[in-house]
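Chemist: Quick one: structure below, then a few questions.
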Amino acid sequence: MDMHKIRVSEVAARFEGPKKIAHKWSLYVTWLLALVTGVLTLIFAEPAEQAEWTVLAVGVTVLFTFFLQLATGDKEGFVVRVAFSLSGALVILFLVGLLRLVTLWL
């Protein structure tokens, strides 16, 4: 019966500490990079070249994500962090692409 009890201190210890904070920041930095590259593509790329620049933005974001996740130095949860980071970045780039479509139609 005692084996099934969850102690708050044990759960809190899993989600605190310098490595876990680095994990959160690496996600936020990746998402910020996706937003910045998407907006720069939106502003500076010609309409005929925006698809190529968006692909470049995705590629840079993927490489940067792997670099950040490897820099954290923690192998536990690596695949989940990379997947979550890239999923968020792709959603951000998708939203920027939708904004691009709306501006072309107006």
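Ligands are numbered from 1 in the order shown, residues from 1 within each chain, and chains are lettered A, B, ... in the order they appear in the structure tokens.
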Which residues are near Leu93 of chain A? Cut-off 12 Å, only C-alpha atoms, ignore same chain within fewer than 3 positions. Put them as a PyMOL selection string.

Modeler: chain A and resi 30-42+50-51+53-59+61+86-90+96-100

Chemist: Selection from above, C-alpha atoms, as a CSV table (one decimal), in the first residue's frame, can you write it?

Modeler:
chain,number,residue,atom,x,y,z
A,30,THR,CA,13.6,27.2,-29.8
A,31,TRP,CA,10.1,28.6,-30.1
A,32,LEU,CA,11.4,32.2,-30.1
A,33,LEU,CA,13.8,31.3,-32.9
A,34,ALA,CA,10.9,29.9,-34.9
A,35,LEU,CA,8.9,33.0,-34.3
A,36,VAL,CA,11.8,35.3,-35.3
A,37,THR,CA,12.8,33.3,-38.4
A,38,GLY,CA,9.1,33.1,-39.5
A,39,VAL,CA,8.5,36.9,-39.1
A,40,LEU,CA,11.8,37.7,-40.9
A,41,THR,CA,10.7,35.4,-43.7
A,42,LEU,CA,7.3,37.1,-43.7
A,50,GLN,CA,8.7,32.5,-49.2
A,51,ALA,CA,8.3,28.8,-49.4
A,53,TRP,CA,12.8,30.6,-46.9
A,54,THR,CA,10.2,28.9,-44.7
A,55,VAL,CA,11.9,25.5,-45.4
A,56,LEU,CA,15.2,27.1,-44.4
A,57,ALA,CA,13.7,28.4,-41.2
A,58,VAL,CA,12.4,24.9,-40.3
A,59,GLY,CA,15.9,23.5,-41.0
A,61,THR,CA,15.1,25.4,-36.1
A,86,LEU,CA,9.9,21.0,-32.7
A,87,SER,CA,6.1,20.5,-32.5
A,88,GLY,CA,5.8,24.0,-30.9
A,89,ALA,CA,8.2,25.5,-33.5
A,90,LEU,CA,6.2,24.0,-36.4
A,96,VAL,CA,3.1,32.7,-39.4
A,97,GLY,CA,2.3,31.0,-42.7
A,98,LEU,CA,-1.4,31.5,-42.1
A,99,LEU,CA,-0.7,35.2,-41.4
A,100,ARG,CA,1.2,35.3,-44.7

Chemist: Work out how far atom CA of Val60 of chain A is from atom CA of Val91 of chain A, in Å to one decimal.

Modeler: 15.2 Å

Chemist: Using only C-alpha atoms, pick whichever of A:Ala48, A:Leu27, A:Leu95, A:Val102 has the shortest atom-to-atom distance to Val80 of chain A.

Modeler: A:Leu27

Chemist: What does the distance between atom CA of Gln69 of chain A and atom CA of Trp25 of chain A come to in Å, to one decimal place?

Modeler: 10.2 Å

Chemist: Smallest atom-to-atom distance to Ile92 of chain A: which of A:Glu76, A:Tyr28, A:Phe66, A:Leu104, using only C-alpha atoms?

Modeler: A:Tyr28

Chemist: Can you tell me how far atom CA of His23 of chain A sits from atom CA of Arg81 of chain A, in Å to one decimal?

Modeler: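 Atom CA of Arg81 of chain A lies 7.5 Å from atom CA of His23 of chain A.
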
Chemist: Set the distance at 12 Å and use only C-alpha atoms: which residues neighbour Leu70 of chain A once local chain neighbours fewer than 3 positions away are removed? I'd like the list as a tab-separated table (two decimals) with C-alpha atoms, in the first residue's frame.

Modeler:
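So the final result, stored in around_33.tsv, reads:
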chain	number	residue	atom	x	y	z
A	19	LYS	CA	18.75	20.83	-15.48
A	22	ALA	CA	17.58	24.49	-18.71
A	23	HIS	CA	15.07	22.14	-20.34
A	26	SER	CA	15.70	25.41	-24.33
A	63	LEU	CA	19.45	22.01	-36.05
A	64	PHE	CA	19.25	24.57	-33.27
A	65	THR	CA	16.86	22.35	-31.31
A	66	PHE	CA	19.26	19.42	-31.42
A	67	PHE	CA	22.12	21.69	-30.39
A	73	GLY	CA	23.66	17.33	-21.09
A	74	ASP	CA	20.71	15.27	-19.88
A	75	LYS	CA	19.78	12.14	-21.79
A	76	GLU	CA	16.62	11.54	-19.78
A	77	GLY	CA	13.64	12.72	-21.81
A	78	PHE	CA	15.74	13.80	-24.79
A	79	VAL	CA	13.34	12.49	-27.42
A	81	ARG	CA	12.00	17.39	-25.33
A	82	VAL	CA	13.06	17.41	-28.99

Chemist: Using DSSP on the backbone coordinates, identify all residues within chain A classified as alpha helix (DSSP H); present the result as a VMD selection string.

Modeler: chain A and resid 8 to 15 18 to 44 50 to 71 78 to 105
